[in-house]
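S.K.: Provided herewith: protein14.csv, CSV, C-alpha atoms.
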chain,number,residue,atom,x,y,z
A,1,MET,CA,13.1,-27.9,6.3
A,2,SER,CA,14.5,-24.8,8.0
A,3,GLU,CA,17.8,-26.5,8.6
A,4,SER,CA,19.6,-24.2,6.3
A,5,LEU,CA,18.3,-21.2,8.1
A,6,LEU,CA,19.3,-22.5,11.5
A,7,LYS,CA,22.8,-23.2,10.1
A,8,HIS,CA,23.0,-19.7,8.6
A,9,ILE,CA,22.0,-18.3,12.0
A,10,GLN,CA,24.4,-20.5,14.0
A,11,ARG,CA,27.3,-19.2,11.8
A,12,LYS,CA,26.7,-15.7,13.4
A,13,THR,CA,25.2,-16.4,16.8
A,14,GLU,CA,24.2,-19.3,18.9
A,15,LEU,CA,20.6,-20.1,19.6
A,16,THR,CA,19.6,-22.5,22.4
A,17,PRO,CA,17.4,-25.5,21.5
A,18,LEU,CA,14.4,-23.6,23.1
A,19,GLU,CA,15.1,-20.5,21.1
A,20,GLN,CA,15.4,-22.5,17.9
A,21,GLU,CA,12.0,-24.1,18.7
A,22,LYS,CA,10.4,-20.8,19.3
A,23,LEU,CA,11.8,-19.4,16.0
A,24,LEU,CA,10.7,-22.5,14.0
A,25,SER,CA,7.2,-22.3,15.5
A,26,LYS,CA,6.7,-19.0,13.7
A,27,ILE,CA,8.1,-20.0,10.3
A,28,GLU,CA,5.9,-20.8,7.4
A,29,TYR,CA,7.4,-23.1,4.8
A,30,ARG,CA,6.3,-22.5,1.2
A,31,LYS,CA,7.1,-24.1,-2.1
A,32,LEU,CA,7.0,-21.7,-5.0
A,33,LYS,CA,6.7,-22.8,-8.6
A,34,LYS,CA,8.8,-21.1,-11.2
A,35,LYS,CA,7.3,-17.7,-12.0
A,36,GLU,CA,5.0,-17.8,-9.0
A,37,LEU,CA,4.7,-14.5,-7.2
A,38,LEU,CA,5.3,-14.0,-3.5
A,39,LEU,CA,4.7,-10.3,-3.5
A,40,GLU,CA,2.8,-8.1,-6.0
A,41,GLU,CA,2.9,-4.3,-6.5
A,42,GLY,CA,0.2,-2.7,-4.4
A,43,SER,CA,0.4,-5.3,-1.6
A,44,VAL,CA,2.2,-4.6,1.7
A,45,CYS,CA,5.4,-6.7,2.2
A,46,ASP,CA,4.5,-7.8,5.7
A,47,PHE,CA,7.1,-10.6,6.0
A,48,PHE,CA,10.8,-11.5,5.8
A,49,CYS,CA,11.6,-14.2,3.3
A,50,PHE,CA,14.6,-16.6,3.4
A,51,ILE,CA,15.4,-18.7,0.3
A,52,GLU,CA,16.1,-22.3,1.2
A,53,LYS,CA,16.3,-23.6,-2.3
A,54,GLY,CA,16.0,-22.0,-5.7
A,55,CYS,CA,16.2,-18.5,-6.9
A,56,CYS,CA,13.9,-15.5,-6.5
A,57,ARG,CA,14.0,-11.9,-7.8
A,58,MET,CA,12.5,-8.6,-6.9
A,59,TYR,CA,11.4,-6.5,-9.9
A,60,LEU,CA,9.2,-3.6,-10.9
A,61,ILE,CA,7.2,-2.9,-14.0
A,62,ASN,CA,8.2,0.5,-15.5
A,63,ASP,CA,6.2,3.1,-17.3
A,64,LYS,CA,6.9,1.4,-20.6
A,65,GLY,CA,5.4,-1.9,-19.2
A,66,ASN,CA,8.9,-3.6,-19.1
A,67,GLU,CA,10.1,-5.6,-16.1
A,68,GLN,CA,13.2,-4.3,-14.4
A,69,THR,CA,15.0,-6.6,-12.0
A,70,LEU,CA,16.4,-4.9,-9.0
A,71,GLN,CA,17.7,-7.8,-7.0
A,72,PHE,CA,18.2,-11.5,-7.2
A,73,GLY,CA,18.4,-13.9,-4.3
A,74,ILE,CA,19.6,-17.5,-4.1
A,75,GLU,CA,20.1,-20.1,-1.3
A,76,ASP,CA,20.8,-18.5,2.1
A,77,TRP,CA,19.6,-15.0,1.0
A,78,TRP,CA,16.8,-12.9,2.4
A,79,ILE,CA,14.6,-11.1,-0.1
A,80,MET,CA,12.0,-8.5,0.7
A,81,ASP,CA,10.9,-4.9,0.2
A,82,TYR,CA,12.3,-3.2,3.3
A,83,MET,CA,10.5,0.1,2.7
A,84,SER,CA,7.1,-1.5,2.5
A,85,TYR,CA,7.9,-3.7,5.5
A,86,SER,CA,8.9,-0.7,7.5
A,87,THR,CA,6.2,1.8,6.5
A,88,GLU,CA,3.5,-0.7,5.8
A,89,ASN,CA,2.7,1.2,2.6
A,90,PRO,CA,1.9,-0.8,-0.6
A,91,SER,CA,5.0,-2.1,-2.3
A,92,ASP,CA,6.3,-0.8,-5.7
A,93,PHE,CA,7.8,-4.3,-6.4
A,94,TYR,CA,7.1,-7.9,-7.3
A,95,ILE,CA,8.9,-10.8,-5.7
A,96,GLN,CA,8.9,-13.9,-8.0
A,97,ALA,CA,10.4,-17.3,-8.1
A,98,VAL,CA,12.9,-17.6,-11.0
A,99,GLU,CA,13.2,-21.4,-10.5
A,100,ASN,CA,11.0,-23.8,-8.5
A,101,SER,CA,12.0,-22.6,-5.0
A,102,GLU,CA,11.5,-23.3,-1.3
A,103,VAL,CA,11.2,-20.4,1.0
A,104,LEU,CA,10.7,-19.7,4.7
A,105,ILE,CA,8.4,-16.8,5.6
A,106,ILE,CA,8.3,-15.0,8.9
A,107,PRO,CA,5.3,-12.7,9.2
A,108,LYS,CA,6.1,-9.2,10.5
A,109,ASN,CA,4.1,-9.4,13.7
A,110,ASP,CA,5.9,-12.7,14.6
A,111,LEU,CA,9.3,-11.5,13.7
A,112,GLU,CA,9.0,-8.2,15.7
A,113,GLN,CA,8.0,-10.3,18.7
A,114,LEU,CA,10.8,-12.9,18.1
A,115,LEU,CA,13.3,-10.0,18.0
A,116,ILE,CA,12.2,-9.0,21.5
A,117,GLU,CA,12.1,-12.5,22.9
A,118,ILE,CA,15.4,-13.6,21.3
A,119,PRO,CA,17.8,-10.7,21.3
A,120,LYS,CA,20.4,-12.8,19.6
A,121,LEU,CA,18.3,-12.6,16.4
A,122,GLU,CA,19.0,-8.8,16.5
A,123,ARG,CA,22.7,-9.7,16.1
A,124,TYR,CA,22.0,-12.1,13.3
A,125,PHE,CA,19.9,-9.7,11.3
A,126,ARG,CA,22.3,-6.8,12.0
A,127,ILE,CA,25.2,-8.8,10.4
A,128,VAL,CA,23.0,-10.0,7.5
A,129,LEU,CA,21.9,-6.4,6.8
A,130,GLN,CA,25.5,-5.1,7.1
A,131,LYS,CA,26.7,-7.5,4.5
A,132,THR,CA,23.7,-6.8,2.2
A,133,PHE,CA,24.3,-3.1,2.4
A,134,ALA,CA,28.0,-3.5,1.8
A,135,ALA,CA,27.2,-5.4,-1.4
A,136,THR,CA,24.7,-2.7,-2.4
A,137,GLN,CA,27.3,0.1,-1.9
A,138,MET,CA,29.5,-1.8,-4.3
A,139,ARG,CA,26.7,-2.3,-6.8
A,140,ILE,CA,26.0,1.4,-6.9
A,141,LYS,CA,29.7,1.9,-7.5
A,142,PHE,CA,29.6,-0.5,-10.4
A,143,LEU,CA,26.5,1.1,-11.9
A,144,PHE,CA,28.2,4.5,-11.7
A,145,THR,CA,31.6,3.6,-12.9
A,146,MET,CA,31.5,0.6,-15.3
A,147,SER,CA,30.3,0.5,-18.9
A,148,ALA,CA,27.5,-2.0,-19.7
A,149,GLU,CA,30.2,-4.3,-21.1
A,150,GLU,CA,32.4,-4.1,-18.0
A,151,ARG,CA,29.4,-4.8,-15.8
A,152,TYR,CA,28.5,-7.9,-17.7
A,153,HIS,CA,32.1,-9.3,-17.6
A,154,HIS,CA,32.4,-8.4,-13.9
A,155,PHE,CA,29.2,-10.1,-13.0
A,156,ASN,CA,30.1,-13.1,-15.2
A,157,ASN,CA,33.4,-13.5,-13.5
A,158,ALA,CA,32.1,-12.9,-9.9
A,159,PHE,CA,29.0,-15.2,-10.2
A,160,PRO,CA,29.5,-17.7,-13.1
A,161,VAL,CA,27.1,-20.3,-11.7
A,162,PHE,CA,24.5,-17.6,-11.1
A,163,VAL,CA,24.6,-16.3,-14.7
A,164,GLN,CA,23.7,-19.8,-15.9
A,165,ARG,CA,20.7,-19.9,-13.6
A,166,VAL,CA,18.8,-16.8,-14.6
A,167,PRO,CA,17.3,-15.9,-18.0
A,168,GLN,CA,19.4,-13.4,-19.9
A,169,TYR,CA,16.7,-10.8,-20.2
A,170,MET,CA,16.4,-10.6,-16.4
A,171,LEU,CA,20.1,-10.3,-16.0
A,172,ALA,CA,20.2,-7.6,-18.6
A,173,SER,CA,17.7,-5.5,-16.7
A,174,TYR,CA,19.5,-6.1,-13.4
A,175,LEU,CA,22.7,-4.8,-15.0
A,176,ASP,CA,20.7,-1.9,-16.5
A,177,PHE,CA,21.2,-2.6,-20.2
A,178,SER,CA,18.9,-3.9,-22.9
A,179,ALA,CA,18.3,-7.5,-23.9
A,180,GLU,CA,19.6,-6.6,-27.4
A,181,PHE,CA,22.9,-5.5,-25.9
A,182,MET,CA,23.0,-8.8,-24.0
A,183,SER,CA,22.5,-10.8,-27.1
A,184,LYS,CA,25.3,-8.9,-28.9
A,185,ILE,CA,27.7,-9.2,-26.0
A,186,ARG,CA,27.1,-13.0,-25.6
A,187,ALA,CA,27.5,-13.5,-29.4
A,188,GLY,CA,30.9,-11.8,-29.0
A,189,LYS,CA,29.8,-8.9,-31.2
A,190,ILE,CA,30.8,-6.3,-28.6
B,1,MET,CA,28.7,16.3,22.6
B,2,SER,CA,27.4,12.8,21.9
B,3,GLU,CA,23.9,13.8,23.1
B,4,SER,CA,22.4,13.5,19.6
B,5,LEU,CA,23.7,10.0,19.3
B,6,LEU,CA,22.3,9.0,22.7
B,7,LYS,CA,18.9,10.5,21.7
B,8,HIS,CA,19.0,8.7,18.4
B,9,ILE,CA,19.7,5.4,20.2
B,10,GLN,CA,17.0,6.0,22.9
B,11,ARG,CA,14.4,6.4,20.2
B,12,LYS,CA,15.0,2.8,19.2
B,13,THR,CA,16.2,1.1,22.4
B,14,GLU,CA,16.8,2.0,26.0
B,15,LEU,CA,20.4,2.1,27.4
B,16,THR,CA,21.0,2.2,31.1
B,17,PRO,CA,23.2,5.0,32.5
B,18,LEU,CA,26.0,2.5,32.8
B,19,GLU,CA,25.7,1.3,29.2
B,20,GLN,CA,25.6,4.9,28.0
B,21,GLU,CA,28.8,5.5,29.9
B,22,LYS,CA,30.5,2.5,28.5
B,23,LEU,CA,29.5,3.5,25.0
B,24,LEU,CA,30.7,7.1,25.4
B,25,SER,CA,34.0,6.0,26.8
B,26,LYS,CA,34.8,4.4,23.4
B,27,ILE,CA,33.7,7.3,21.2
B,28,GLU,CA,36.1,9.7,19.7
B,29,TYR,CA,34.8,13.2,19.0
B,30,ARG,CA,36.2,14.9,15.9
B,31,LYS,CA,35.7,18.3,14.3
B,32,LEU,CA,36.1,18.3,10.5
B,33,LYS,CA,36.8,21.3,8.5
B,34,LYS,CA,34.9,21.7,5.2
B,35,LYS,CA,36.6,19.5,2.6
B,36,GLU,CA,38.6,17.6,5.2
B,37,LEU,CA,38.9,13.9,4.6
B,38,LEU,CA,37.9,11.2,7.1
B,39,LEU,CA,38.7,8.3,4.8
B,40,GLU,CA,40.8,8.0,1.7
B,41,GLU,CA,40.9,5.5,-1.1
B,42,GLY,CA,43.4,2.8,-0.2
B,43,SER,CA,42.9,3.1,3.6
B,44,VAL,CA,40.8,0.6,5.5
B,45,CYS,CA,37.5,1.9,6.9
B,46,ASP,CA,38.0,0.6,10.4
B,47,PHE,CA,35.4,2.7,12.1
B,48,PHE,CA,31.7,3.6,12.2
B,49,CYS,CA,31.0,7.4,11.9
B,50,PHE,CA,28.0,9.2,13.2
B,51,ILE,CA,27.3,12.8,12.0
B,52,GLU,CA,26.4,15.1,14.9
B,53,LYS,CA,26.6,18.3,13.0
B,54,GLY,CA,27.2,19.2,9.4
B,55,CYS,CA,27.2,17.2,6.2
B,56,CYS,CA,29.6,14.5,4.8
B,57,ARG,CA,29.7,12.6,1.6
B,58,MET,CA,31.2,9.4,0.3
B,59,TYR,CA,32.7,9.6,-3.2
B,60,LEU,CA,35.1,7.9,-5.5
B,61,ILE,CA,37.4,9.2,-8.2
B,62,ASN,CA,36.6,7.5,-11.5
B,63,ASP,CA,38.9,6.5,-14.4
B,64,LYS,CA,38.5,9.9,-15.9
B,65,GLY,CA,39.6,11.6,-12.7
B,66,ASN,CA,36.2,12.9,-11.9
B,67,GLU,CA,34.6,12.7,-8.4
B,68,GLN,CA,31.4,10.7,-8.2
B,69,THR,CA,29.3,11.1,-5.0
B,70,LEU,CA,27.7,7.8,-3.9
B,71,GLN,CA,26.2,8.9,-0.6
B,72,PHE,CA,25.5,12.0,1.5
B,73,GLY,CA,24.9,12.1,5.2
B,74,ILE,CA,23.7,14.9,7.4
B,75,GLU,CA,22.8,15.1,11.2
B,76,ASP,CA,21.9,11.7,12.8
B,77,TRP,CA,23.2,9.7,9.9
B,78,TRP,CA,25.9,7.1,9.9
B,79,ILE,CA,28.4,7.1,7.0
B,80,MET,CA,31.0,4.5,6.3
B,81,ASP,CA,32.3,2.0,3.7
B,82,TYR,CA,30.7,-1.2,5.0
B,83,MET,CA,32.6,-3.5,2.6
B,84,SER,CA,36.0,-2.2,3.7
B,85,TYR,CA,34.8,-2.3,7.4
B,86,SER,CA,33.7,-5.9,7.0
B,87,THR,CA,36.6,-7.3,4.9
B,88,GLU,CA,39.3,-5.0,6.2
B,89,ASN,CA,40.4,-4.5,2.6
B,90,PRO,CA,41.4,-1.0,1.4
B,91,SER,CA,38.5,1.2,0.6
B,92,ASP,CA,37.6,2.4,-3.0
B,93,PHE,CA,36.1,5.5,-1.5
B,94,TYR,CA,36.7,8.8,0.2
B,95,ILE,CA,34.6,10.3,3.0
B,96,GLN,CA,34.8,14.0,3.2
B,97,ALA,CA,33.1,16.9,5.1
B,98,VAL,CA,30.9,18.9,2.8
B,99,GLU,CA,30.5,21.6,5.5
B,100,ASN,CA,32.4,22.2,8.8
B,101,SER,CA,31.2,19.1,10.7
B,102,GLU,CA,31.3,17.4,14.0
B,103,VAL,CA,31.4,13.6,14.0
B,104,LEU,CA,31.6,10.7,16.4
B,105,ILE,CA,33.9,7.9,15.6
B,106,ILE,CA,33.7,4.4,17.1
B,107,PRO,CA,36.8,2.3,16.1
B,108,LYS,CA,36.0,-1.2,14.8
B,109,ASN,CA,37.6,-3.1,17.7
B,110,ASP,CA,35.7,-1.1,20.3
B,111,LEU,CA,32.4,-1.3,18.4
B,112,GLU,CA,32.6,-5.1,18.0
B,113,GLN,CA,33.3,-5.4,21.8
B,114,LEU,CA,30.5,-3.0,22.6
B,115,LEU,CA,28.1,-5.0,20.5
B,116,ILE,CA,28.9,-8.1,22.6
B,117,GLU,CA,28.8,-6.2,26.0
B,118,ILE,CA,25.6,-4.2,25.2
B,119,PRO,CA,23.3,-6.4,23.0
B,120,LYS,CA,20.8,-3.6,22.9
B,121,LEU,CA,23.2,-1.9,20.4
B,122,GLU,CA,22.6,-4.8,18.1
B,123,ARG,CA,18.9,-3.8,17.9
B,124,TYR,CA,19.8,-0.1,17.4
B,125,PHE,CA,22.1,-0.9,14.5
B,126,ARG,CA,19.8,-3.5,13.0
B,127,ILE,CA,17.0,-0.9,12.8
B,128,VAL,CA,19.4,1.8,11.4
B,129,LEU,CA,20.7,-0.6,8.7
B,130,GLN,CA,17.2,-1.7,7.9
B,131,LYS,CA,16.1,1.9,7.2
B,132,THR,CA,19.3,2.6,5.3
B,133,PHE,CA,18.9,-0.4,3.1
B,134,ALA,CA,15.2,0.5,2.5
B,135,ALA,CA,16.2,3.9,1.3
B,136,THR,CA,18.9,2.3,-1.0
B,137,GLN,CA,16.4,-0.1,-2.5
B,138,MET,CA,14.3,3.0,-3.4
B,139,ARG,CA,17.3,4.8,-4.7
B,140,ILE,CA,18.1,2.0,-7.1
B,141,LYS,CA,14.5,2.1,-8.2
B,142,PHE,CA,14.8,5.8,-9.0
B,143,LEU,CA,18.1,5.4,-10.8
B,144,PHE,CA,16.5,2.6,-13.0
B,145,THR,CA,13.2,4.2,-13.7
B,146,MET,CA,13.4,8.0,-13.6
B,147,SER,CA,14.9,10.3,-16.2
B,148,ALA,CA,17.7,12.6,-15.0
B,149,GLU,CA,15.1,15.4,-15.0
B,150,GLU,CA,12.7,13.4,-12.9
B,151,ARG,CA,15.4,12.4,-10.4
B,152,TYR,CA,16.3,16.1,-10.0
B,153,HIS,CA,12.7,17.2,-9.3
B,154,HIS,CA,12.1,14.2,-7.0
B,155,PHE,CA,15.2,14.9,-4.9
B,156,ASN,CA,14.4,18.6,-4.9
B,157,ASN,CA,10.9,18.0,-3.6
B,158,ALA,CA,11.9,15.3,-1.1
B,159,PHE,CA,14.9,17.1,0.4
B,160,PRO,CA,14.6,20.8,-0.3
B,161,VAL,CA,16.8,22.0,2.6
B,162,PHE,CA,19.4,19.4,1.6
B,163,VAL,CA,19.6,20.6,-2.0
B,164,GLN,CA,20.6,24.1,-0.7
B,165,ARG,CA,23.4,22.7,1.5
B,166,VAL,CA,25.4,20.7,-1.1
B,167,PRO,CA,27.3,22.1,-4.1
B,168,GLN,CA,25.5,21.4,-7.3
B,169,TYR,CA,28.3,19.5,-8.9
B,170,MET,CA,28.2,17.0,-6.0
B,171,LEU,CA,24.4,16.6,-6.3
B,172,ALA,CA,24.7,16.1,-10.1
B,173,SER,CA,27.1,13.2,-9.7
B,174,TYR,CA,24.9,11.7,-6.9
B,175,LEU,CA,21.9,11.8,-9.2
B,176,ASP,CA,24.2,10.4,-12.0
B,177,PHE,CA,24.0,13.2,-14.4
B,178,SER,CA,26.5,15.9,-15.6
B,179,ALA,CA,27.1,19.3,-14.0
B,180,GLU,CA,26.2,20.8,-17.4
B,181,PHE,CA,22.8,19.1,-17.3
B,182,MET,CA,22.3,20.4,-13.7
B,183,SER,CA,23.0,24.0,-14.9
B,184,LYS,CA,20.5,23.7,-17.7
B,185,ILE,CA,17.8,22.2,-15.5
B,186,ARG,CA,18.3,24.9,-12.8
B,187,ALA,CA,18.2,27.6,-15.4
B,188,GLY,CA,14.8,26.2,-16.6
B,189,LYS,CA,16.2,25.3,-19.9
B,190,ILE,CA,15.1,21.7,-19.6
Represent the structure from my file as structure tokens, please.
M.R.:
Amino acid sequence: MSESLLKHIQRKTELTPLEQEKLLSKIEYRKLKKKELLLEEGSVCDFFCFIEKGCCRMYLINDKGNEQTLQFGIEDWWIMDYMSYSTENPSDFYIQAVENSEVLIIPKNDLEQLLIEIPKLERYFRIVLQKTFAATQMRIKFLFTMSAEERYHHFNNAFPVFVQRVPQYMLASYLDFSAEFMSKIRAGKI
Amino acid sequence: MSESLLKHIQRKTELTPLEQEKLLSKIEYRKLKKKELLLEEGSVCDFFCFIEKGCCRMYLINDKGNEQTLQFGIEDWWIMDYMSYSTENPSDFYIQAVENSEVLIIPKNDLEQLLIEIPKLERYFRIVLQKTFAATQMRIKFLFTMSAEERYHHFNNAFPVFVQRVPQYMLASYLDFSAEFMSKIRAGKI
């Protein structure tokens, strides 16, 4: 438990044994069953969440009552609603386990204190956020420039294992097209 | 010159006079004329760019030869292609001054060194990136859940001054609808 997080951090900065201990003392380990919710619309996202094992997603329920997946996360990814975390306003999103998952939670108060006491964590999170934002800039590019069919093939080529792990209807909403379109494209009818 | 950047940093962390001096010694001040390019597709984005005065945008040219604006930045915003910065691969994007602008450039080599020598800058950029990513999560939500008309009104209400500063065709592509749709909505025909 927590070893994958420590390894992830050590790839970007070096924590002393004391700093590691301090960090670990603030981490809450949680097992999530498939479909279990970690965050619900209307609650404040007052934590950072690191995925040790499994797969989670962030989604919303739109006006038509349909789920729309905005983000997936697998091993070694962080997943949270940054706006709700920052403003402490209720979230518009749900965070849910797509598979049985194991996650590490750092409550906001503890994390803000840790960032002051262990400045090297600032470097770690700056690098994590920089990579996350880089990927998001590319995602907006793909949403703006690729057809639904191109987005599917691009995602399939870039993340073949991932495509096998998530239900097709979730992937369809992540790529912003309908489940019907997904069925057709997978049946080779498009 | 550079005062707005120092103020922006001081709101998040405190630099000593010596640290400020070290930072400023690595900053390149540039005046950009309206429409002047700071980054072109095919070049590596090997810098961070802070907007002191004016307005810039990041855009791409799609397969049809049309410009598609992905991001705007005004005073106190950073604007760069994080993927190209991180991988050092050629960028897919252009960064251009929308108005006559004044920007501060920190070359990548200098910035990476500054982050090591002044760890407080890690905190500053972590907070900047966290806010930027929070805004982007909301932007993806709006793209997925609002109609073109709703996106226009939302943006108009949230950033009224901004809407007056940028040409309508740029705003239309940022909101992912056509210039023709923008003309209709502004004429009250939708």
S.K.: Taking all atoms listed in the file into account, report as a PyMOL selection string which residues of chain B lie within 10 Å of chain A.
M.R.: chain B and resi 59-64+68-71+80-87+92-93+115-116+119-141+143-146+173-176
S.K.: For a cutoff of 8 Å around the file-coordinate point (23.8, 14.4, 11.2), which residues qualify once you count only C-alpha atoms? I'd like the result as an MDAnalysis selection string.
M.R.: chainID B and resid 50:55 73:78
S.K.: Just give me the gap between atom CA of Arg57 of chain B and atom CA of Ser147 of chain A in Å, one decimal is fine.
M.R.: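 Separation between atom CA of Arg57 of chain B and atom CA of Ser147 of chain A: 23.8 Å.
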S.K.: Which residues are near Leu24 of chain B? Cut-off 10 Å, only C-alpha atoms, ignore same chain within fewer than 2 positions. Put them as a PyMOL selection string.
M.R.: chain B and resi 1-3+5-6+18-22+26-29+104+106
S.K.: Could you save the residues just selected, with C-alpha atoms, as a PDB file, in the frame of the given file?
M.R.:
ATOM      1  CA  MET B   1      28.700  16.300  22.600  1.00  0.00           C
ATOM      2  CA  SER B   2      27.400  12.800  21.900  1.00  0.00           C
ATOM      3  CA  GLU B   3      23.900  13.800  23.100  1.00  0.00           C
ATOM      4  CA  LEU B   5      23.700  10.000  19.300  1.00  0.00           C
ATOM      5  CA  LEU B   6      22.300   9.000  22.700  1.00  0.00           C
ATOM      6  CA  LEU B  18      26.000   2.500  32.800  1.00  0.00           C
ATOM      7  CA  GLU B  19      25.700   1.300  29.200  1.00  0.00           C
ATOM      8  CA  GLN B  20      25.600   4.900  28.000  1.00  0.00           C
ATOM      9  CA  GLU B  21      28.800   5.500  29.900  1.00  0.00           C
ATOM     10  CA  LYS B  22      30.500   2.500  28.500  1.00  0.00           C
ATOM     11  CA  LYS B  26      34.800   4.400  23.400  1.00  0.00           C
ATOM     12  CA  ILE B  27      33.700   7.300  21.200  1.00  0.00           C
ATOM     13  CA  GLU B  28      36.100   9.700  19.700  1.00  0.00           C
ATOM     14  CA  TYR B  29      34.800  13.200  19.000  1.00  0.00           C
ATOM     15  CA  LEU B 104      31.600  10.700  16.400  1.00  0.00           C
ATOM     16  CA  ILE B 106      33.700   4.400  17.100  1.00  0.00           C
TER      17      ILE B 106
END
S.K.: In Å, with one decimal, what is the gap from atom CA of Ser101 of chain A to atom CA of Ile118 of chain A?
M.R.: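 Calculated distance between atom CA of Ser101 of chain A and atom CA of Ile118 of chain A is 28.0 Å.
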S.K.: Fix up segment 49-67 of chain B with N, CA and C atoms, then write it as a CSV table (one decimal), in the frame of the given file.
M.R.:
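Ended up saving to selection19.csv:
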chain,number,residue,atom,x,y,z
B,49,CYS,N,31.0,5.9,11.7
B,49,CYS,CA,31.0,7.4,11.9
B,49,CYS,C,29.6,7.9,11.9
B,50,PHE,N,29.3,8.6,13.0
B,50,PHE,CA,28.0,9.2,13.2
B,50,PHE,C,28.1,10.8,13.0
B,51,ILE,N,27.3,11.4,12.2
B,51,ILE,CA,27.3,12.8,12.0
B,51,ILE,C,26.5,13.5,13.0
B,52,GLU,N,27.2,14.3,13.9
B,52,GLU,CA,26.4,15.1,14.9
B,52,GLU,C,26.0,16.4,14.3
B,53,LYS,N,26.9,17.1,13.6
B,53,LYS,CA,26.6,18.3,13.0
B,53,LYS,C,27.2,18.4,11.6
B,54,GLY,N,26.6,19.0,10.7
B,54,GLY,CA,27.2,19.2,9.4
B,54,GLY,C,26.7,18.2,8.4
B,55,CYS,N,27.6,18.0,7.4
B,55,CYS,CA,27.2,17.2,6.2
B,55,CYS,C,28.5,16.5,5.7
B,56,CYS,N,28.4,15.3,5.4
B,56,CYS,CA,29.6,14.5,4.8
B,56,CYS,C,29.1,13.8,3.6
B,57,ARG,N,30.1,13.4,2.8
B,57,ARG,CA,29.7,12.6,1.6
B,57,ARG,C,30.7,11.5,1.4
B,58,MET,N,30.3,10.4,0.7
B,58,MET,CA,31.2,9.4,0.3
B,58,MET,C,31.3,9.5,-1.2
B,59,TYR,N,32.5,9.5,-1.7
B,59,TYR,CA,32.7,9.6,-3.2
B,59,TYR,C,33.9,8.7,-3.6
B,60,LEU,N,33.9,8.6,-4.9
B,60,LEU,CA,35.1,7.9,-5.5
B,60,LEU,C,35.6,8.8,-6.6
B,61,ILE,N,36.8,8.5,-7.1
B,61,ILE,CA,37.4,9.2,-8.2
B,61,ILE,C,37.4,8.2,-9.4
B,62,ASN,N,36.7,8.5,-10.4
B,62,ASN,CA,36.6,7.5,-11.5
B,62,ASN,C,37.8,7.5,-12.5
B,63,ASP,N,37.7,6.6,-13.5
B,63,ASP,CA,38.9,6.5,-14.4
B,63,ASP,C,39.2,7.8,-15.1
B,64,LYS,N,38.2,8.6,-15.3
B,64,LYS,CA,38.5,9.9,-15.9
B,64,LYS,C,39.0,11.0,-15.0
B,65,GLY,N,39.1,10.6,-13.7
B,65,GLY,CA,39.6,11.6,-12.7
B,65,GLY,C,38.5,12.4,-12.1
B,66,ASN,N,37.3,12.1,-12.4
B,66,ASN,CA,36.2,12.9,-11.9
B,66,ASN,C,35.6,12.3,-10.6
B,67,GLU,N,35.2,13.2,-9.7
B,67,GLU,CA,34.6,12.7,-8.4
B,67,GLU,C,33.2,12.3,-8.7
